[in-house]
Protein chains: 2
Amino acid sequence: MLERARELDAADSIAHFRERFDLPEGVIYLDGNSLGPLPKASRERLHWVIDAEWGEGLIRSWNELPGGGGDWIAMPQRVGAKIAPLIGAQPHEVIACDSVSVNLAKLIGAALSLNPDRNVVLSEPGNFPTDLYMIQGDTRVEQRLAPRDAMVDALDEDVALLLLTHVHYKTGEMFDMEALTRAAHDVGAIVLWDLSHSGGAVPVDLNGAQADLAVGCGYKYLNGGPGAPAYAFVAERHHGDFAQPLTGWMGHAKPFAFSDEYEPAPGVTRLLAGTPPVLAMVALESGVELIAEIGIEPLVAKSRALSEFFLECCVAHGVLQLPSPNPLPQGERAFADELDLVSPRDPAGRGSQLSFRHENAYALSQALIARGVIGDFRDPDILRLGFAPAYLRFEDSAEAARHLAEVLETGEWQRDEFATRAAVT
Amino acid sequence: MLERARELDAADSIAHFRERFDLPEGVIYLDGNSLGPLPKASRERLHWVIDAEWGEGLIRSWNELPGGGGDWIAMPQRVGAKIAPLIGAQPHEVIACDSVSVNLAKLIGAALSLNPDRNVVLSEPGNFPTDLYMIQGDTRVEQRLAPRDAMVDALDEDVALLLLTHVHYKTGEMFDMEALTRAAHDVGAIVLWDLSHSGGAVPVDLNGAQADLAVGCGYKYLNGGPGAPAYAFVAERHHGDFAQPLTGWMGHAKPFAFSDEYEPAPGVTRLLAGTPPVLAMVALESGVELIAEIGIEPLVAKSRALSEFFLECCVAHGVLQLPSPNPLPQGERAFADELDLVSPRDPAGRGSQLSFRHENAYALSQALIARGVIGDFRDPDILRLGFAPAYLRFEDSAEAARHLAEVLETGEWQRDEFATRAAVT
């Protein structure tokens, strides 16, 4: 398979972007869906901002510096505008700030402000936990959960907001954004899409789907650095009307007038709360610029090709059958030496990841990491492998599949050292 | 005065800590109350975290790395514990996360959870805007404002929370934390202190004052970098009972169990919402470590001495009379060539800053910046000069006073170039 992989790499039109990342030697990094690697330009830019803008410019860097640079105050909008084309939004509909969780609180509040006579927020069980937890934290809201196949039936005129994660963090399964948005609108509900596992990895067309609200993550496929700020989207048609509860001074129409009364800034700027975290924002901007430079279309095409090739390699190694009995009922075990694909078989129906169920998924993930193949584990039994197209090679797919097959065949995952759970899994 | 200044510098027991900061040549930095300068150790540590922990360690750095370092997951608690001794708190009562604004939302919610039958939040007009705006954003809350001299009378049994900023951002005036806390407790109200202009600069004893809740800023006297994460305090006696509304996954008892139901983590960990911003947190930790190493007592003593010496120099230059007619009624103008001190005359009654009212305070601040003396302006008529004791010299106080006197005497602040307001003032 290695020879075939090298042919595919040679034909890959975006292969050279790998050089723009600082990837450690001896590592095949299949966890860019959790934390993207360091772009070389981000390191340069961070060093510059630390030394010159913070160190030399000091407080003056909040404004534009005479020689260029600084202008920290404009970063949330500027970075948001650079994210916009990756998710089918207009530049002034997106802003970078805070975390996904905090932005969920704002946009749940925004939905209630747009739908003031309703209080139900509908989501699905097994959604990424923070999406559900932020619903549960809002004392004004009643949470309703429905499984995917019953989602449309669960939409009624009590639903203020449908809050779904576009690509499921565990399985990679993708919702039909347009169909679900339409169904929600049919009953007068607002829709909020969590794009954490979508932005920069799969095609997203928020405005094409008529979406109302969205949030997304900066530290996964956008390579914005550990704990990077998140982003939030509000469709232009709601800009005049929406309110949000975290009414901090940076979201004020005139923050430096220091007035006692809150007056929301126009558009998405009112989503700002506190002072933006400059260093984190700089890293995010640099990561986004690189992904935008590569372009979403070639990224999506390569993502699909990489993961399909990985499956092909696994089948060739005899550790995967396709079609696989997908998914096994929860609790049933796969054979210890075989993988059970839980991600959708159709690459257009999944995110940029492949997830496999295995009774010993944790030990398996640890055994792979010991071989330099870094994927991750999701409780209780999911081995999750991300295929971030900006820097991975087909050779990485082939080699990762070989390592996985060897780990399964040798049973080396059974070694004691792979059994102990770390604090962060 | 310069000779006297140099004697004072020679006798200053913490003078050598100035070497630990990266201060630009030709600048007298009197704005550490707005953005602290870059500690040299922070630059080193940031470079290390970017290159080694993010670049090489990648996702593995969330756990402790084999050779040490990493352990990003523990940073909010670890940094909080390092801040605790600076504010009279126990290590497990403080956590670093999010912005002051976002933490205010959490702690206003916490106060309501502890005082569920009340809904009034009492504060003062002219408080730092975000404190008031966050009250106004919570739809469950009724805001009540009372001026300082009527604050105790405004406390009654409708008040769920008294929310005050310990050191006023504009005037530097300091509240008597112990007396106000006692008065609030007498009517059954919870107290939340905003320590943004206090932590690392003035004596704060949260537990000595029996305070319930507090927030504070990381990027001022703690030198945590632009937009550094903030911190939040909850007194141990409330740890069993309080809830907060921004119930993100990092505040869950078992975040990596990915359960559908939110279950709060013990103690202040439940204040976490989203994934911590690692780069920003690293800079904060490094800044806090330096301030903690110097120690709060010598910092406070030097802060008072520096600002008193500045006043002495201003009097000697003939641009300030003491006692000054403090404060002039709003709207009345001081003589154009004379300063009007609006900060309390007693250094023990003010923060680490001096504020002067002047009709042309903005132009004055710009003329000073042009001379390399960086202070700031607060709308509409306040020139604010911070005396951060960790790196300033008495020589800086003397020279800043000389520049200020010259700017007033020459009238150079009247030049056109100093009239145009920048985006961030």
# chains A, B, ... in the order shown; residues from 1 in each chain; ligands from 1
call {"tool": "interface_residues", "arguments": {"of": "chain A", "to": "chain B", "cutoff": "7 Å", "atoms": "only C-alpha atoms", "output": "PDB file with N, CA and C atoms, in the first residue's frame"}}
result
ATOM      1  N   ASP A  22       4.781  22.790  11.695  1.00  0.00           N
ATOM      2  CA  ASP A  22       5.899  22.288  12.463  1.00  0.00           C
ATOM      3  C   ASP A  22       5.464  20.960  13.086  1.00  0.00           C
ATOM      4  N   LEU A  23       5.713  19.871  12.404  1.00  0.00           N
ATOM      5  CA  LEU A  23       5.260  18.565  12.870  1.00  0.00           C
ATOM      6  C   LEU A  23       6.436  17.797  13.462  1.00  0.00           C
ATOM      7  N   PRO A  24       6.254  17.204  14.636  1.00  0.00           N
ATOM      8  CA  PRO A  24       7.386  16.494  15.247  1.00  0.00           C
ATOM      9  C   PRO A  24       7.799  15.280  14.417  1.00  0.00           C
ATOM     10  N   LEU A  35      -6.736  18.830  18.561  1.00  0.00           N
ATOM     11  CA  LEU A  35      -5.843  19.993  18.658  1.00  0.00           C
ATOM     12  C   LEU A  35      -4.977  20.026  17.408  1.00  0.00           C
ATOM     13  N   PRO A  37      -1.987  21.094  14.827  1.00  0.00           N
ATOM     14  CA  PRO A  37      -0.565  21.337  15.078  1.00  0.00           C
ATOM     15  C   PRO A  37      -0.185  22.806  14.853  1.00  0.00           C
ATOM     16  N   LEU A  38       1.062  23.090  15.141  1.00  0.00           N
ATOM     17  CA  LEU A  38       1.588  24.457  15.101  1.00  0.00           C
ATOM     18  C   LEU A  38       1.989  24.866  13.678  1.00  0.00           C
ATOM     19  N   ARG A  43       4.082  30.450  14.883  1.00  0.00           N
ATOM     20  CA  ARG A  43       5.198  30.624  15.814  1.00  0.00           C
ATOM     21  C   ARG A  43       5.876  31.973  15.580  1.00  0.00           C
ATOM     22  N   ILE A  50       4.538  38.860  20.941  1.00  0.00           N
ATOM     23  CA  ILE A  50       5.037  38.873  22.318  1.00  0.00           C
ATOM     24  C   ILE A  50       6.146  39.920  22.459  1.00  0.00           C
ATOM     25  N   TRP A  54       3.511  43.354  22.454  1.00  0.00           N
ATOM     26  CA  TRP A  54       3.341  43.457  23.898  1.00  0.00           C
ATOM     27  C   TRP A  54       4.576  44.117  24.527  1.00  0.00           C
ATOM     28  N   GLY A  55       5.746  43.556  24.259  1.00  0.00           N
ATOM     29  CA  GLY A  55       6.962  44.017  24.933  1.00  0.00           C
ATOM     30  C   GLY A  55       7.303  45.469  24.641  1.00  0.00           C
ATOM     31  N   GLU A  56       7.297  45.857  23.365  1.00  0.00           N
ATOM     32  CA  GLU A  56       7.692  47.215  22.993  1.00  0.00           C
ATOM     33  C   GLU A  56       6.503  48.161  22.902  1.00  0.00           C
ATOM     34  N   LEU A  58       3.452  47.820  24.120  1.00  0.00           N
ATOM     35  CA  LEU A  58       2.680  47.918  25.355  1.00  0.00           C
ATOM     36  C   LEU A  58       1.243  48.350  25.043  1.00  0.00           C
ATOM     37  N   ILE A  59       0.678  49.182  25.886  1.00  0.00           N
ATOM     38  CA  ILE A  59      -0.734  49.536  25.759  1.00  0.00           C
ATOM     39  C   ILE A  59      -1.056  50.161  24.400  1.00  0.00           C
ATOM     40  N   TRP A  62      -3.064  48.354  21.346  1.00  0.00           N
ATOM     41  CA  TRP A  62      -4.515  48.226  21.161  1.00  0.00           C
ATOM     42  C   TRP A  62      -4.956  49.012  19.928  1.00  0.00           C
ATOM     43  N   ASN A  63      -4.261  50.117  19.644  1.00  0.00           N
ATOM     44  CA  ASN A  63      -4.497  50.835  18.399  1.00  0.00           C
ATOM     45  C   ASN A  63      -3.505  50.346  17.355  1.00  0.00           C
ATOM     46  N   SER A  99     -15.006  31.031  24.466  1.00  0.00           N
ATOM     47  CA  SER A  99     -14.980  29.599  24.152  1.00  0.00           C
ATOM     48  C   SER A  99     -16.288  29.202  23.484  1.00  0.00           C
ATOM     49  N   VAL A 100     -16.312  28.019  22.910  1.00  0.00           N
ATOM     50  CA  VAL A 100     -17.565  27.491  22.361  1.00  0.00           C
ATOM     51  C   VAL A 100     -18.648  27.516  23.432  1.00  0.00           C
ATOM     52  N   SER A 101     -18.313  27.043  24.631  1.00  0.00           N
ATOM     53  CA  SER A 101     -19.307  26.969  25.707  1.00  0.00           C
ATOM     54  C   SER A 101     -19.914  28.333  25.999  1.00  0.00           C
ATOM     55  N   VAL A 102     -19.053  29.329  26.181  1.00  0.00           N
ATOM     56  CA  VAL A 102     -19.546  30.667  26.510  1.00  0.00           C
ATOM     57  C   VAL A 102     -20.360  31.229  25.340  1.00  0.00           C
ATOM     58  N   ALA A 105     -23.850  29.923  25.406  1.00  0.00           N
ATOM     59  CA  ALA A 105     -24.723  30.644  26.346  1.00  0.00           C
ATOM     60  C   ALA A 105     -25.260  31.914  25.712  1.00  0.00           C
ATOM     61  N   PRO A 125     -29.672  13.456  22.406  1.00  0.00           N
ATOM     62  CA  PRO A 125     -28.849  12.801  23.423  1.00  0.00           C
ATOM     63  C   PRO A 125     -27.512  12.423  22.782  1.00  0.00           C
ATOM     64  N   GLY A 126     -26.453  12.482  23.561  1.00  0.00           N
ATOM     65  CA  GLY A 126     -25.149  12.136  23.017  1.00  0.00           C
ATOM     66  C   GLY A 126     -24.501  13.250  22.220  1.00  0.00           C
ATOM     67  N   PRO A 129     -21.076  17.097  25.074  1.00  0.00           N
ATOM     68  CA  PRO A 129     -21.668  17.441  26.376  1.00  0.00           C
ATOM     69  C   PRO A 129     -21.858  18.927  26.619  1.00  0.00           C
ATOM     70  N   THR A 130     -20.890  19.754  26.219  1.00  0.00           N
ATOM     71  CA  THR A 130     -21.028  21.160  26.593  1.00  0.00           C
ATOM     72  C   THR A 130     -22.266  21.779  25.956  1.00  0.00           C
ATOM     73  N   LEU A 132     -25.165  20.354  25.590  1.00  0.00           N
ATOM     74  CA  LEU A 132     -26.282  20.021  26.476  1.00  0.00           C
ATOM     75  C   LEU A 132     -26.144  20.747  27.818  1.00  0.00           C
ATOM     76  N   TYR A 133     -24.935  20.792  28.341  1.00  0.00           N
ATOM     77  CA  TYR A 133     -24.748  21.422  29.658  1.00  0.00           C
ATOM     78  C   TYR A 133     -25.102  22.905  29.632  1.00  0.00           C
ATOM     79  N   MET A 134     -24.779  23.573  28.528  1.00  0.00           N
ATOM     80  CA  MET A 134     -25.092  25.006  28.467  1.00  0.00           C
ATOM     81  C   MET A 134     -26.613  25.221  28.383  1.00  0.00           C
ATOM     82  N   GLY A 137     -27.791  24.849  31.948  1.00  0.00           N
ATOM     83  CA  GLY A 137     -27.418  25.934  32.851  1.00  0.00           C
ATOM     84  C   GLY A 137     -28.326  27.146  32.772  1.00  0.00           C
ATOM     85  N   ASP A 138     -29.068  27.265  31.679  1.00  0.00           N
ATOM     86  CA  ASP A 138     -29.932  28.429  31.498  1.00  0.00           C
ATOM     87  C   ASP A 138     -31.261  28.147  32.175  1.00  0.00           C
ATOM     88  N   PRO A 226      -3.793  25.615  21.394  1.00  0.00           N
ATOM     89  CA  PRO A 226      -4.539  24.994  22.503  1.00  0.00           C
ATOM     90  C   PRO A 226      -5.469  25.984  23.217  1.00  0.00           C
ATOM     91  N   GLY A 227      -6.753  25.649  23.247  1.00  0.00           N
ATOM     92  CA  GLY A 227      -7.731  26.524  23.896  1.00  0.00           C
ATOM     93  C   GLY A 227      -7.962  27.817  23.142  1.00  0.00           C
ATOM     94  N   ALA A 228      -7.725  27.814  21.831  1.00  0.00           N
ATOM     95  CA  ALA A 228      -7.941  29.023  21.012  1.00  0.00           C
ATOM     96  C   ALA A 228      -9.354  29.564  21.201  1.00  0.00           C
ATOM     97  N   PRO A 245     -27.146  37.606  26.580  1.00  0.00           N
ATOM     98  CA  PRO A 245     -27.105  37.931  28.012  1.00  0.00           C
ATOM     99  C   PRO A 245     -25.740  38.348  28.561  1.00  0.00           C
ATOM    100  N   LEU A 246     -24.643  37.999  27.892  1.00  0.00           N
ATOM    101  CA  LEU A 246     -23.322  38.303  28.454  1.00  0.00           C
ATOM    102  C   LEU A 246     -22.845  39.659  27.926  1.00  0.00           C
ATOM    103  N   THR A 247     -23.521  40.677  28.444  1.00  0.00           N
ATOM    104  CA  THR A 247     -23.411  42.033  27.913  1.00  0.00           C
ATOM    105  C   THR A 247     -22.202  42.764  28.499  1.00  0.00           C
ATOM    106  N   GLY A 248     -21.021  42.286  28.126  1.00  0.00           N
ATOM    107  CA  GLY A 248     -19.802  42.915  28.633  1.00  0.00           C
ATOM    108  C   GLY A 248     -19.453  44.196  27.875  1.00  0.00           C
ATOM    109  N   TRP A 249     -18.466  44.883  28.403  1.00  0.00           N
ATOM    110  CA  TRP A 249     -18.166  46.220  27.881  1.00  0.00           C
ATOM    111  C   TRP A 249     -17.661  46.217  26.448  1.00  0.00           C
ATOM    112  N   PHE A 256     -15.576  52.878  25.093  1.00  0.00           N
ATOM    113  CA  PHE A 256     -14.676  53.817  25.748  1.00  0.00           C
ATOM    114  C   PHE A 256     -15.357  55.119  26.148  1.00  0.00           C
ATOM    115  N   ALA A 257     -16.703  55.112  26.044  1.00  0.00           N
ATOM    116  CA  ALA A 257     -17.469  56.207  26.626  1.00  0.00           C
ATOM    117  C   ALA A 257     -17.756  55.926  28.101  1.00  0.00           C
ATOM    118  N   PHE A 258     -17.579  54.682  28.534  1.00  0.00           N
ATOM    119  CA  PHE A 258     -17.738  54.301  29.945  1.00  0.00           C
ATOM    120  C   PHE A 258     -19.070  54.770  30.523  1.00  0.00           C
ATOM    121  N   SER A 259     -20.115  54.554  29.746  1.00  0.00           N
ATOM    122  CA  SER A 259     -21.453  54.918  30.207  1.00  0.00           C
ATOM    123  C   SER A 259     -21.979  53.872  31.183  1.00  0.00           C
ATOM    124  N   ASP A 260     -22.924  54.264  32.024  1.00  0.00           N
ATOM    125  CA  ASP A 260     -23.517  53.323  32.985  1.00  0.00           C
ATOM    126  C   ASP A 260     -24.529  52.381  32.333  1.00  0.00           C
ATOM    127  N   GLU A 261     -25.063  52.767  31.188  1.00  0.00           N
ATOM    128  CA  GLU A 261     -26.125  51.958  30.575  1.00  0.00           C
ATOM    129  C   GLU A 261     -25.587  51.160  29.393  1.00  0.00           C
ATOM    130  N   TYR A 262     -25.909  49.891  29.380  1.00  0.00           N
ATOM    131  CA  TYR A 262     -25.510  49.047  28.261  1.00  0.00           C
ATOM    132  C   TYR A 262     -26.307  49.408  27.023  1.00  0.00           C
ATOM    133  N   ALA A 273     -17.849  40.112  25.032  1.00  0.00           N
ATOM    134  CA  ALA A 273     -18.099  40.356  26.458  1.00  0.00           C
ATOM    135  C   ALA A 273     -16.883  41.087  27.039  1.00  0.00           C
ATOM    136  N   GLY A 274     -15.841  40.334  27.401  1.00  0.00           N
ATOM    137  CA  GLY A 274     -14.671  40.959  28.013  1.00  0.00           C
ATOM    138  C   GLY A 274     -13.589  41.288  26.999  1.00  0.00           C
ATOM    139  N   THR A 275     -12.443  41.667  27.512  1.00  0.00           N
ATOM    140  CA  THR A 275     -11.285  42.021  26.699  1.00  0.00           C
ATOM    141  C   THR A 275     -10.780  40.794  25.941  1.00  0.00           C
ATOM    142  N   PRO A 276     -10.555  40.913  24.632  1.00  0.00           N
ATOM    143  CA  PRO A 276     -10.137  39.725  23.874  1.00  0.00           C
ATOM    144  C   PRO A 276      -8.739  39.240  24.278  1.00  0.00           C
ATOM    145  N   PRO A 277      -8.546  37.930  24.342  1.00  0.00           N
ATOM    146  CA  PRO A 277      -7.243  37.362  24.695  1.00  0.00           C
ATOM    147  C   PRO A 277      -6.306  37.454  23.500  1.00  0.00           C
ATOM    148  N   VAL A 278      -5.453  38.452  23.499  1.00  0.00           N
ATOM    149  CA  VAL A 278      -4.698  38.813  22.297  1.00  0.00           C
ATOM    150  C   VAL A 278      -3.789  37.686  21.810  1.00  0.00           C
ATOM    151  N   LEU A 279      -3.005  37.089  22.711  1.00  0.00           N
ATOM    152  CA  LEU A 279      -2.053  36.075  22.257  1.00  0.00           C
ATOM    153  C   LEU A 279      -2.797  34.908  21.609  1.00  0.00           C
ATOM    154  N   ALA A 280      -3.885  34.497  22.249  1.00  0.00           N
ATOM    155  CA  ALA A 280      -4.663  33.387  21.709  1.00  0.00           C
ATOM    156  C   ALA A 280      -5.305  33.767  20.377  1.00  0.00           C
ATOM    157  N   ASP A 379     -14.750   7.978  25.477  1.00  0.00           N
ATOM    158  CA  ASP A 379     -15.436   7.085  26.383  1.00  0.00           C
ATOM    159  C   ASP A 379     -16.765   6.608  25.781  1.00  0.00           C
ATOM    160  N   ALA A 422      -5.181   8.267  31.645  1.00  0.00           N
ATOM    161  CA  ALA A 422      -4.631   9.586  31.986  1.00  0.00           C
ATOM    162  C   ALA A 422      -5.778  10.513  32.385  1.00  0.00           C
ATOM    163  N   ALA A 423      -5.410  11.671  32.960  1.00  0.00           N
ATOM    164  CA  ALA A 423      -6.433  12.639  33.387  1.00  0.00           C
ATOM    165  C   ALA A 423      -7.266  13.086  32.192  1.00  0.00           C
ATOM    166  N   VAL A 424      -6.593  13.413  31.111  1.00  0.00           N
ATOM    167  CA  VAL A 424      -7.291  13.802  29.891  1.00  0.00           C
ATOM    168  C   VAL A 424      -7.145  12.654  28.910  1.00  0.00           C
ATOM    169  N   THR A 425      -8.263  12.132  28.475  1.00  0.00           N
ATOM    170  CA  THR A 425      -8.224  11.030  27.522  1.00  0.00           C
ATOM    171  C   THR A 425      -8.563  11.576  26.155  1.00  0.00           C
TER     172      THR A 425
END
call {"tool": "select_by_dssp", "arguments": {"residues": "range 109-273 of chain A", "states": "alpha helix (DSSP H)", "output": "JSON, numbers by chain"}}
result
{"A": [109, 110, 111, 112, 113, 114, 129, 130, 131, 132, 133, 134, 135, 136, 137, 151, 152, 153, 154, 177, 178, 179, 180, 181, 182, 183, 184, 185, 186]}
call {"tool": "residues_around", "arguments": {"residues": "range 205-211 of chain B", "least_positions_apart": "2", "cutoff": "12 Å", "atoms": "only C-alpha atoms", "output": "PyMOL selection string"}}
result
chain B and resi 84-91+93-94+161-164+166+175-185+189-195+198-200+202-203+213-215+232-238+296
call {"tool": "closest_residue", "arguments": {"among": "A:Gly411, A:Gly240, A:Pro344, A:Gly80", "to": "Ala363 in chain A", "atoms": "only C-alpha atoms"}}
result
A:Gly411
call {"tool": "select_by_dssp", "arguments": {"residues": "range 253-367 of chain A", "states": "strand (DSSP E)", "output": "list in words"}}
result
Asp340, Leu341, Gln353, Leu354, Ser355, Phe356 and Arg357 of chain A
call {"tool": "residues_around", "arguments": {"residues": "range 307-319 of chain A", "least_positions_apart": "4", "cutoff": "8 Å", "atoms": "only C-alpha atoms", "output": "NGL selection string"}}
result
:A and (1 or 303 or 337-339 or 347 or 352-354 or 387 or 394 or 397-398 or 400-402 or 405 or 408)
call {"tool": "write_last_selection", "arguments": {"atoms": "N, CA, C and O atoms", "output": "compact mmCIF listing (two decimals), in the first residue's frame"}}
result
# COMPACT_ATOMS: atom_id res chain seq x y z
N MET A 1 0.83 -1.21 0.00
CA MET A 1 0.00 0.00 0.00
C MET A 1 0.87 1.26 0.00
O MET A 1 0.40 2.33 -0.38
N SER A 303 -9.48 15.33 2.40
CA SER A 303 -9.94 14.69 3.63
C SER A 303 -10.64 13.37 3.33
O SER A 303 -10.38 12.33 3.95
N ASP A 337 -9.51 -8.69 17.49
CA ASP A 337 -8.55 -8.40 16.44
C ASP A 337 -9.21 -7.77 15.21
O ASP A 337 -8.68 -7.81 14.12
N GLU A 338 -10.38 -7.20 15.41
CA GLU A 338 -11.06 -6.60 14.27
C GLU A 338 -11.72 -5.29 14.66
O GLU A 338 -12.13 -5.10 15.80
N LEU A 339 -11.83 -4.41 13.70
CA LEU A 339 -12.39 -3.08 13.94
C LEU A 339 -13.84 -3.02 13.50
O LEU A 339 -14.24 -3.71 12.56
N PRO A 347 -18.18 8.92 2.61
CA PRO A 347 -17.35 10.02 3.11
C PRO A 347 -18.05 11.37 3.07
O PRO A 347 -17.72 12.26 3.85
N SER A 352 -14.23 14.83 9.04
CA SER A 352 -12.89 14.46 8.61
C SER A 352 -12.26 13.50 9.62
O SER A 352 -11.13 13.66 10.03
N GLN A 353 -13.01 12.48 9.99
CA GLN A 353 -12.55 11.54 11.01
C GLN A 353 -13.13 10.16 10.74
O GLN A 353 -14.13 10.03 10.03
N LEU A 354 -12.50 9.15 11.30
CA LEU A 354 -13.05 7.80 11.31
C LEU A 354 -13.07 7.31 12.74
O LEU A 354 -12.06 7.43 13.45
N PHE A 387 -8.42 12.85 10.16
CA PHE A 387 -7.64 12.93 8.92
C PHE A 387 -7.62 14.37 8.41
O PHE A 387 -8.27 14.71 7.42
N PHE A 394 -0.92 10.69 2.29
CA PHE A 394 -1.47 9.35 2.09
C PHE A 394 -0.55 8.31 2.70
O PHE A 394 -1.00 7.30 3.22
N SER A 397 -1.64 7.78 6.13
CA SER A 397 -2.81 6.89 6.19
C SER A 397 -2.36 5.43 6.11
O SER A 397 -2.80 4.58 6.90
N ALA A 398 -1.48 5.16 5.16
CA ALA A 398 -1.03 3.78 4.96
C ALA A 398 -0.27 3.28 6.19
O ALA A 398 -0.50 2.17 6.68
N ALA A 400 -0.35 4.45 9.28
CA ALA A 400 -1.22 4.36 10.46
C ALA A 400 -2.03 3.07 10.41
O ALA A 400 -2.20 2.39 11.44
N ALA A 401 -2.52 2.72 9.22
CA ALA A 401 -3.30 1.48 9.08
C ALA A 401 -2.41 0.27 9.39
O ALA A 401 -2.84 -0.69 10.05
N ARG A 402 -1.18 0.31 8.92
CA ARG A 402 -0.26 -0.80 9.20
C ARG A 402 -0.02 -0.92 10.71
O ARG A 402 -0.08 -2.01 11.28
N ALA A 405 -3.07 -2.34 12.40
CA ALA A 405 -3.19 -3.78 12.13
C ALA A 405 -2.19 -4.56 13.00
O ALA A 405 -2.54 -5.59 13.61
N LEU A 408 -3.25 -4.71 16.62
CA LEU A 408 -4.33 -5.68 16.81
C LEU A 408 -3.81 -7.12 16.69
O LEU A 408 -4.15 -7.98 17.51
call {"tool": "atom_distance", "arguments": {"atom1": "CA of Ser355 in chain A", "atom2": "CA of Ser343 in chain A"}}
result
5.4 Å
